[in-house]
>>> print(open('target_10.csv').read())   # CSV, C-alpha atoms and all ligand atoms
chain,number,residue,atom,x,y,z
A,1,ALA,CA,-23.6,-8.7,-14.9
A,2,LYS,CA,-22.0,-11.0,-12.4
A,3,ASP,CA,-21.1,-9.4,-9.1
A,4,VAL,CA,-17.3,-9.2,-8.7
A,5,SER,CA,-17.6,-10.3,-5.0
A,6,ALA,CA,-19.0,-13.7,-6.1
A,7,ASP,CA,-15.4,-14.6,-6.9
A,8,LEU,CA,-14.3,-14.5,-3.3
A,9,LYS,CA,-13.9,-17.7,-1.3
A,10,GLU,CA,-13.9,-15.8,1.9
A,11,VAL,CA,-14.2,-12.1,3.0
A,12,LEU,CA,-11.4,-11.2,5.4
A,13,TYR,CA,-12.3,-7.6,6.0
A,14,THR,CA,-15.6,-5.8,5.2
A,15,LYS,CA,-15.8,-2.3,4.0
A,16,GLU,CA,-16.8,-1.2,7.5
A,17,GLU,CA,-13.9,-2.9,9.2
A,18,ILE,CA,-11.5,-1.4,6.7
A,19,ASP,CA,-13.0,2.1,7.1
A,20,GLN,CA,-12.7,1.8,10.9
A,21,ARG,CA,-9.0,0.8,10.8
A,22,VAL,CA,-8.2,3.5,8.3
A,23,ARG,CA,-9.8,6.1,10.5
A,24,GLU,CA,-7.8,4.9,13.5
A,25,MET,CA,-4.5,5.1,11.5
A,26,ALA,CA,-5.4,8.6,10.2
A,27,ALA,CA,-6.1,9.8,13.7
A,28,GLN,CA,-2.7,8.4,14.9
A,29,ILE,CA,-0.9,10.0,12.0
A,30,ASP,CA,-2.6,13.4,12.6
A,31,ARG,CA,-1.3,13.2,16.2
A,32,ASP,CA,2.2,12.0,15.4
A,33,TYR,CA,2.7,14.7,12.7
A,34,GLU,CA,1.2,17.6,14.6
A,35,GLY,CA,2.9,20.8,13.5
A,36,ARG,CA,4.5,19.1,10.5
A,37,GLU,CA,3.1,18.9,7.0
A,38,VAL,CA,3.0,15.4,5.5
A,39,LEU,CA,3.7,14.5,1.9
A,40,LEU,CA,1.7,11.4,1.3
A,41,VAL,CA,3.3,9.2,-1.4
A,42,GLY,CA,1.1,6.6,-3.0
A,43,VAL,CA,2.5,3.6,-4.9
A,44,LEU,CA,0.4,3.0,-8.0
A,45,LYS,CA,-1.8,1.2,-8.5
A,46,GLY,CA,-2.6,-0.8,-5.4
A,47,ALA,CA,-2.5,2.2,-3.1
A,48,CYS,CA,-5.2,4.1,-4.8
A,49,MET,CA,-7.9,3.2,-2.3
A,50,ILE,CA,-5.8,3.7,0.9
A,51,MET,CA,-4.5,7.0,-0.4
A,52,ALA,CA,-8.1,8.2,-1.1
A,53,ASP,CA,-9.5,7.1,2.2
A,54,LEU,CA,-6.5,7.8,4.5
A,55,SER,CA,-6.0,11.3,3.1
A,56,ARG,CA,-9.7,12.1,3.6
A,57,ALA,CA,-9.7,10.7,7.1
A,58,MET,CA,-6.8,13.0,8.0
A,59,HIS,CA,-7.6,16.5,9.2
A,60,SER,CA,-4.2,18.2,8.9
A,61,HIS,CA,-2.8,20.0,5.8
A,62,LEU,CA,-1.1,17.5,3.5
A,63,THR,CA,0.0,17.1,-0.1
A,64,MET,CA,-0.2,14.0,-2.2
A,65,ASP,CA,2.1,12.6,-4.9
A,66,TRP,CA,2.4,9.3,-6.7
A,67,MET,CA,5.0,6.9,-7.9
A,68,ALA,CA,4.7,3.9,-10.2
A,69,VAL,CA,7.3,1.2,-9.8
A,70,SER,CA,7.8,-2.2,-11.3
A,71,SER,CA,9.9,-5.3,-10.5
A,72,TYR,CA,11.8,-6.6,-13.5
A,73,GLY,CA,14.3,-9.2,-14.4
A,74,SER,CA,13.2,-12.8,-14.5
A,75,GLY,CA,9.6,-11.8,-14.6
A,76,THR,CA,8.9,-13.1,-11.1
A,77,LYS,CA,7.1,-10.6,-8.9
A,78,SER,CA,9.1,-8.8,-6.3
A,79,SER,CA,12.6,-9.7,-7.4
A,80,GLY,CA,13.7,-6.8,-5.3
A,81,VAL,CA,15.1,-5.0,-8.3
A,82,VAL,CA,12.8,-2.2,-8.9
A,83,ARG,CA,12.4,0.2,-11.8
A,84,ILE,CA,10.7,3.6,-11.6
A,85,LEU,CA,8.0,3.9,-14.2
A,86,LYS,CA,6.7,7.2,-12.9
A,87,ASP,CA,8.7,9.3,-10.5
A,88,LEU,CA,7.4,11.8,-8.0
A,89,ASP,CA,6.8,15.3,-9.1
A,90,ALA,CA,7.6,16.7,-5.7
A,91,ASP,CA,11.1,17.6,-4.4
A,92,LEU,CA,11.6,15.7,-1.1
A,93,LEU,CA,14.2,18.0,0.4
A,94,ASN,CA,13.3,18.7,4.1
A,95,ARG,CA,9.8,17.1,3.6
A,96,HIS,CA,8.1,14.7,5.9
A,97,VAL,CA,7.3,11.8,3.6
A,98,LEU,CA,4.8,9.1,4.4
A,99,ILE,CA,4.5,6.3,1.9
A,100,ALA,CA,1.0,4.8,1.7
A,101,GLU,CA,0.7,1.2,0.6
A,102,ASP,CA,-2.0,-1.3,0.3
A,103,ILE,CA,0.1,-4.3,1.3
A,104,ILE,CA,3.6,-5.5,2.3
A,105,ASP,CA,4.1,-9.0,1.0
A,106,SER,CA,7.8,-9.8,0.7
A,107,GLY,CA,8.6,-6.2,1.6
A,108,LEU,CA,11.1,-6.0,-1.3
A,109,THR,CA,9.2,-3.2,-3.1
A,110,LEU,CA,9.0,-0.9,0.0
A,111,SER,CA,12.4,-1.7,1.3
A,112,TRP,CA,13.9,-0.5,-2.0
A,113,LEU,CA,11.5,2.5,-2.2
A,114,LYS,CA,12.1,3.7,1.3
A,115,ALA,CA,15.9,3.7,0.7
A,116,ASN,CA,15.4,5.5,-2.6
A,117,LEU,CA,13.3,8.2,-1.1
A,118,GLU,CA,15.7,8.6,1.9
A,119,SER,CA,18.5,9.4,-0.5
A,120,ARG,CA,16.6,12.5,-1.7
A,121,GLY,CA,17.2,14.6,1.4
A,122,PRO,CA,13.8,14.4,3.2
A,123,ALA,CA,13.3,15.3,6.8
A,124,SER,CA,11.8,11.9,7.4
A,125,VAL,CA,10.4,8.9,5.6
A,126,GLU,CA,7.9,6.6,7.2
A,127,ILE,CA,5.6,3.8,5.9
A,128,CYS,CA,1.9,3.3,6.3
A,129,THR,CA,0.4,0.0,5.0
A,130,LEU,CA,-3.1,-1.3,5.4
A,131,PHE,CA,-2.0,-4.9,5.2
A,132,ARG,CA,1.1,-6.9,6.0
A,133,LYS,CA,1.8,-10.6,5.7
A,134,PRO,CA,4.3,-11.4,8.5
A,135,GLU,CA,4.9,-14.9,7.1
A,136,ALA,CA,5.8,-13.6,3.7
A,137,VAL,CA,8.2,-10.8,4.7
A,138,LYS,CA,11.7,-11.4,3.4
A,139,VAL,CA,13.5,-8.2,4.5
A,140,ASP,CA,13.7,-6.4,7.7
A,141,ILE,CA,11.8,-3.2,7.1
A,142,ASP,CA,10.8,-0.5,9.6
A,143,VAL,CA,7.0,0.1,9.2
A,144,LYS,CA,5.5,2.7,11.4
A,145,TYR,CA,1.8,2.1,10.7
A,146,VAL,CA,0.3,-1.3,9.9
A,147,GLY,CA,-3.5,-1.7,9.6
A,148,MET,CA,-3.8,-5.4,9.9
A,149,ASP,CA,-1.5,-8.4,9.8
A,150,ILE,CA,-3.0,-11.1,7.6
A,151,PRO,CA,-2.3,-14.7,6.7
A,152,ASN,CA,-0.1,-15.6,3.8
A,153,GLU,CA,-3.0,-16.0,1.3
A,154,PHE,CA,-3.6,-14.3,-2.0
A,155,VAL,CA,-5.9,-11.5,-1.2
A,156,VAL,CA,-7.8,-9.1,-3.5
A,157,GLY,CA,-10.0,-6.0,-3.2
A,158,TYR,CA,-9.6,-2.4,-1.9
A,159,GLY,CA,-6.8,-1.8,-4.5
A,160,LEU,CA,-5.3,-5.3,-4.5
A,161,ASP,CA,-5.6,-7.0,-7.8
A,162,PHE,CA,-5.4,-10.4,-9.5
A,163,ALA,CA,-4.4,-9.8,-13.1
A,164,GLU,CA,-5.5,-6.1,-12.7
A,165,LYS,CA,-9.0,-7.1,-11.6
A,166,TYR,CA,-10.8,-6.9,-8.2
A,167,ARG,CA,-9.2,-3.6,-7.2
A,168,ASN,CA,-12.7,-2.1,-7.1
A,169,LEU,CA,-14.0,-4.5,-4.4
A,170,ASP,CA,-14.8,-2.5,-1.3
A,171,SER,CA,-14.1,-5.5,0.9
A,172,VAL,CA,-10.9,-7.6,1.0
A,173,GLY,CA,-10.9,-11.4,0.6
A,174,ILE,CA,-9.4,-14.6,-0.6
A,175,LEU,CA,-10.0,-15.5,-4.2
A,176,ALA,CA,-12.1,-18.6,-4.9
A,177,PRO,CA,-10.2,-21.5,-6.6
A,178,HIS,CA,-12.6,-21.5,-9.6
A,179,VAL,CA,-11.1,-18.1,-10.6
A,180,TYR,CA,-7.7,-19.6,-11.5
A,181,GLU,CA,-9.3,-22.4,-13.5
B,1,LIG,C1,1.8,-5.1,-5.0
B,1,LIG,C2,1.3,-4.3,-3.8
B,1,LIG,C3,2.6,-3.8,-3.3
B,1,LIG,C4,3.6,-4.8,-3.6
B,1,LIG,C5,3.9,-5.7,-2.4
B,1,LIG,O1,2.0,-4.2,-6.1
B,1,LIG,O2,0.4,-3.3,-4.2
B,1,LIG,O3,3.0,-2.6,-3.9
B,1,LIG,O4,3.0,-5.7,-4.6
B,1,LIG,O5,4.8,-6.7,-2.7
B,1,LIG,P1,6.2,-6.9,-2.0
B,1,LIG,O6,6.1,-6.6,-0.6
B,1,LIG,O7,6.4,-8.4,-2.2
B,1,LIG,O8,7.2,-6.2,-2.8
B,1,LIG,P2,2.1,-4.8,-7.6
B,1,LIG,O9,3.5,-4.9,-7.9
B,1,LIG,O10,1.2,-6.0,-7.8
B,1,LIG,O11,1.5,-3.6,-8.4
B,1,LIG,P3,0.1,-2.9,-8.3
B,1,LIG,O12,0.1,-2.0,-7.1
B,1,LIG,O13,-0.1,-2.1,-9.5
B,1,LIG,O14,-0.9,-4.0,-8.2
B,2,MN,MN,1.5,-2.0,-5.5
B,3,MG,MG,-0.6,-6.0,-8.1
>>> encode(input="target_10.csv", output="structure tokens")
Amino acid sequence: AKDVSADLKEVLYTKEEIDQRVREMAAQIDRDYEGREVLLVGVLKGACMIMADLSRAMHSHLTMDWMAVSSYGSGTKSSGVVRILKDLDADLLNRHVLIAEDIIDSGLTLSWLKANLESRGPASVEICTLFRKPEAVKVDIDVKYVGMDIPNEFVVGYGLDFAEKYRNLDSVGILAPHVYE
């Protein structure tokens, strides 16, 4: 079978580079939350890899929960109007919530999600994202942990998809033009 990585025009970050950065973020989070138990919230489906790797690189006690959300309306992505497809199981009252995301693009999804979770009485809500596109961000959003700032290109791999594919790539890169054709 054809190797999925053959569809990349360029690798931006290798598996090793991602692992290294995730470990650094995990160590920082362990230090920052010392004495407080974190509830990691993953946003399906893109956050599957960062949740798995970040949580295993952390050494403190933590719990994990998941949400699935979807933009809706005109059909354009990230309209800013978000619908909950699967809500958290956990009660957030007095919890220290850390949202884990693969990428902040326009920021509309997380801006909405952070406000939504903040309304549930948590002790704190912070955001950890592996990638952020500073040129694409449309809303002012306070993000405590950012792995890498990347150029405004369509990237796939490590949870990030194109038409639901490429999430299983262990590196992150830019799709080759022939994929769209
Ligand atoms: C992607 C990505 C983020 C969001 C970022 O999710 O995983 O969750 O878009 O975009 P924004 O900053 O412009 O709101 P997507 O909606 O593609 O769902 P997925 O995680 O299932 O791929
Ligand atoms: Mn997502
Ligand atoms: Mg997606």
>>> residues_around(input="target_10.csv", residues="range 102-114 of chain A", least_positions_apart="4", cutoff="10 Å", atoms="only C-alpha atoms", output="number ranges by chain")
A: 42-51, 67, 69-71, 77-84, 97-98, 118-119, 125-143, 146-150, 152-155, 157-160
>>> residues_around(input="target_10.csv", residues="range 172-181 of chain A", least_positions_apart="5", cutoff="10 Å", atoms="all atoms listed in the file", output="list in words")
Ser5, Ala6, Asp7, Leu8, Lys9, Glu10, Val11, Leu12, Tyr13, Thr14, Lys15, Glu17, Ile18, Glu153, Phe154, Val155, Val156, Gly157, Tyr158, Gly159, Leu160, Phe162, Tyr166 and Arg167 of chain A
>>> atom_distance(input="target_10.csv", atom1="atom C3 of ligand LIG 1 (chain B)", atom2="CA of Arg31 in chain A")
26.2 Å
>>> atom_distance(input="target_10.csv", atom1="CA of Pro122 in chain A", atom2="CA of Ser55 in chain A")
20.0 Å
>>> atom_distance(input="target_10.csv", atom1="CA of Asp32 in chain A", atom2="atom O14 of ligand LIG 1 (chain B)")
28.7 Å
>>> closest_residue(input="target_10.csv", among="A:Lys86, A:His96, A:Gln28, A:Ala68", to="ligand LIG 1 (chain B)", atoms="only C-alpha atoms and all ligand atoms")
A:Ala68
>>> residues_around(input="target_10.csv", residues="Met25 in chain A", least_positions_apart="4", cutoff="8 Å", atoms="all atoms listed in the file", output="PyMOL selection string")
chain A and resi 21+29+54+145+147
>>> closest_residue(input="target_10.csv", among="A:Leu88, A:Ala52, A:Ala163, A:Leu62", to="ligand MG 3 (chain B)", atoms="all atoms listed in the file")
A:Ala163
>>> closest_residue(input="target_10.csv", among="A:Asp87, A:Asp65, A:Asp3, A:Glu164", to="Leu39 in chain A", atoms="all atoms listed in the file")
A:Asp65
>>> closest_residue(input="target_10.csv", among="A:Thr63, A:Met58, A:Ala123, A:Gln20", to="Asp89 in chain A", atoms="all atoms listed in the file")
A:Thr63
>>> closest_residue(input="target_10.csv", among="A:Tyr33, A:Asp161, A:Asn168, A:Arg120", to="ligand LIG 1 (chain B)", atoms="all atoms listed in the file")
A:Asp161
>>> closest_residue(input="target_10.csv", among="A:Ile99, A:Met64, A:Val38, A:Val4", to="ligand MN 2 (chain B)", atoms="all atoms listed in the file")
A:Ile99
>>> decode(input="target_10.csv", residues="range 22-173 of chain A", atoms="C-alpha atoms", output="compact mmCIF listing (two decimals), in the first residue's frame")
# COMPACT_ATOMS: atom_id res chain seq x y z
CA VAL A 22 5.22 17.77 24.04
CA ARG A 23 7.58 16.63 26.80
CA GLU A 24 8.63 20.21 27.49
CA MET A 25 5.02 21.32 27.71
CA ALA A 26 4.15 18.41 30.00
CA ALA A 27 7.01 19.27 32.34
CA GLN A 28 5.90 22.91 32.45
CA ILE A 29 2.30 21.90 33.16
CA ASP A 30 3.40 19.51 35.93
CA ARG A 31 5.28 22.39 37.56
CA ASP A 32 2.49 24.93 37.12
CA TYR A 33 -0.18 22.62 38.55
CA GLU A 34 1.84 21.23 41.44
CA GLY A 35 -0.57 20.35 44.24
CA ARG A 36 -3.63 20.70 42.00
CA GLU A 37 -5.23 17.87 40.05
CA VAL A 38 -5.80 18.61 36.38
CA LEU A 39 -8.81 17.56 34.33
CA LEU A 40 -7.53 17.27 30.77
CA VAL A 41 -10.24 17.94 28.22
CA GLY A 42 -9.61 16.71 24.68
CA VAL A 43 -11.53 18.07 21.72
CA LEU A 44 -12.41 15.25 19.36
CA LYS A 45 -11.10 14.23 17.02
CA GLY A 46 -7.97 16.25 16.31
CA ALA A 47 -6.74 16.23 19.90
CA CYS A 48 -6.47 12.43 20.11
CA MET A 49 -2.69 12.37 19.66
CA ILE A 50 -1.82 15.34 21.87
CA MET A 51 -4.07 13.96 24.62
CA ALA A 52 -2.39 10.57 24.48
CA ASP A 53 1.15 11.95 24.40
CA LEU A 54 0.75 14.93 26.74
CA SER A 55 -1.01 12.87 29.41
CA ARG A 56 1.64 10.16 29.30
CA ALA A 57 4.43 12.73 29.52
CA MET A 58 2.85 14.25 32.64
CA HIS A 59 3.73 12.65 35.95
CA SER A 60 1.07 14.12 38.21
CA HIS A 61 -2.35 12.59 38.93
CA LEU A 62 -4.86 13.67 36.33
CA THR A 63 -8.16 12.69 34.79
CA MET A 64 -9.21 12.87 31.15
CA ASP A 65 -12.49 13.68 29.47
CA TRP A 66 -13.60 14.39 25.92
CA MET A 67 -15.88 16.72 24.03
CA ALA A 68 -17.00 16.65 20.44
CA VAL A 69 -18.06 19.94 18.91
CA SER A 70 -19.01 21.05 15.45
CA SER A 71 -19.35 24.34 13.67
CA TYR A 72 -22.64 24.65 11.85
CA GLY A 73 -24.65 27.15 9.83
CA SER A 74 -23.47 28.00 6.35
CA GLY A 75 -21.29 24.92 6.26
CA THR A 76 -18.10 26.94 6.29
CA LYS A 77 -15.63 25.76 8.86
CA SER A 78 -15.23 27.67 12.09
CA SER A 79 -18.25 29.91 11.77
CA GLY A 80 -17.80 30.57 15.47
CA VAL A 81 -21.21 29.06 16.13
CA VAL A 82 -20.47 25.80 17.81
CA ARG A 83 -22.73 22.88 18.56
CA ILE A 84 -21.93 20.26 21.20
CA LEU A 85 -22.07 16.77 19.68
CA LYS A 86 -20.76 15.01 22.78
CA ASP A 87 -20.57 16.79 26.09
CA LEU A 88 -18.19 16.09 28.96
CA ASP A 89 -19.08 13.37 31.44
CA ALA A 90 -17.29 15.24 34.24
CA ASP A 91 -18.76 17.93 36.48
CA LEU A 92 -16.40 20.92 36.26
CA LEU A 93 -17.32 22.49 39.60
CA ASN A 94 -14.10 23.56 41.37
CA ARG A 95 -11.97 21.59 38.91
CA HIS A 96 -8.78 22.78 37.24
CA VAL A 97 -9.58 22.30 33.57
CA LEU A 98 -6.91 22.17 30.90
CA ILE A 99 -8.20 21.98 27.33
CA ALA A 100 -5.84 20.10 25.02
CA GLU A 101 -6.02 20.92 21.33
CA ASP A 102 -4.04 20.02 18.26
CA ILE A 103 -4.32 23.42 16.60
CA ILE A 104 -5.71 26.91 16.93
CA ASP A 105 -6.54 28.20 13.49
CA SER A 106 -9.09 31.04 13.59
CA GLY A 107 -9.43 30.48 17.34
CA LEU A 108 -13.22 30.50 17.09
CA THR A 109 -13.70 26.92 18.32
CA LEU A 110 -11.59 27.37 21.44
CA SER A 111 -12.82 30.85 22.18
CA TRP A 112 -16.37 29.49 22.32
CA LEU A 113 -15.34 26.35 24.20
CA LYS A 114 -13.34 28.18 26.85
CA ALA A 115 -16.27 30.49 27.60
CA ASN A 116 -18.64 27.53 27.69
CA LEU A 117 -16.49 25.60 30.18
CA GLU A 118 -15.88 28.72 32.29
CA SER A 119 -19.64 29.02 32.78
CA ARG A 120 -19.72 25.65 34.59
CA GLY A 121 -18.07 26.79 37.82
CA PRO A 122 -14.53 25.44 37.42
CA ALA A 123 -11.63 26.62 39.58
CA SER A 124 -9.73 27.46 36.37
CA VAL A 125 -9.76 26.88 32.62
CA GLU A 126 -6.57 27.05 30.57
CA ILE A 127 -5.64 25.99 27.05
CA CYS A 128 -2.77 23.89 25.76
CA THR A 129 -2.38 23.65 21.99
CA LEU A 130 0.38 21.97 20.06
CA PHE A 131 0.09 24.33 17.09
CA ARG A 132 -1.15 27.84 16.52
CA LYS A 133 -1.36 29.87 13.32
CA PRO A 134 -0.79 33.49 14.39
CA GLU A 135 -1.70 34.81 10.92
CA ALA A 136 -5.07 33.02 10.96
CA VAL A 137 -6.25 33.88 14.47
CA LYS A 138 -9.40 36.00 14.34
CA VAL A 139 -10.25 36.35 18.01
CA ASP A 140 -8.27 37.42 21.03
CA ILE A 141 -7.86 34.26 23.06
CA ASP A 142 -5.71 33.65 26.09
CA VAL A 143 -3.66 30.50 25.47
CA LYS A 144 -1.34 29.47 28.27
CA TYR A 145 0.59 26.72 26.49
CA VAL A 146 1.56 26.81 22.80
CA GLY A 147 3.81 24.17 21.30
CA MET A 148 4.73 25.86 18.04
CA ASP A 149 3.57 28.82 16.00
CA ILE A 150 3.30 27.73 12.38
CA PRO A 151 2.73 29.43 9.02
CA ASN A 152 -0.78 29.84 7.64
CA GLU A 153 -0.69 26.66 5.54
CA PHE A 154 -2.96 23.64 5.53
CA VAL A 155 -1.20 21.10 7.70
CA VAL A 156 -1.99 17.47 8.41
CA GLY A 157 -0.74 14.69 10.65
CA TYR A 158 -0.58 14.00 14.37
CA GLY A 159 -4.38 14.20 14.66
CA LEU A 160 -4.86 16.90 12.02
CA ASP A 161 -6.92 15.73 9.08
CA PHE A 162 -7.80 16.47 5.50
CA ALA A 163 -11.24 14.93 4.83
CA GLU A 164 -10.69 12.72 7.91
CA LYS A 165 -7.44 11.28 6.56
CA TYR A 166 -3.79 11.80 7.58
CA ARG A 167 -4.52 11.92 11.33
CA ASN A 168 -2.30 8.86 11.76
CA LEU A 169 0.83 10.48 10.37
CA ASP A 170 3.40 10.70 13.17
CA SER A 171 4.94 13.82 11.65
CA VAL A 172 3.18 17.06 10.66
CA GLY A 173 3.46 18.55 7.22
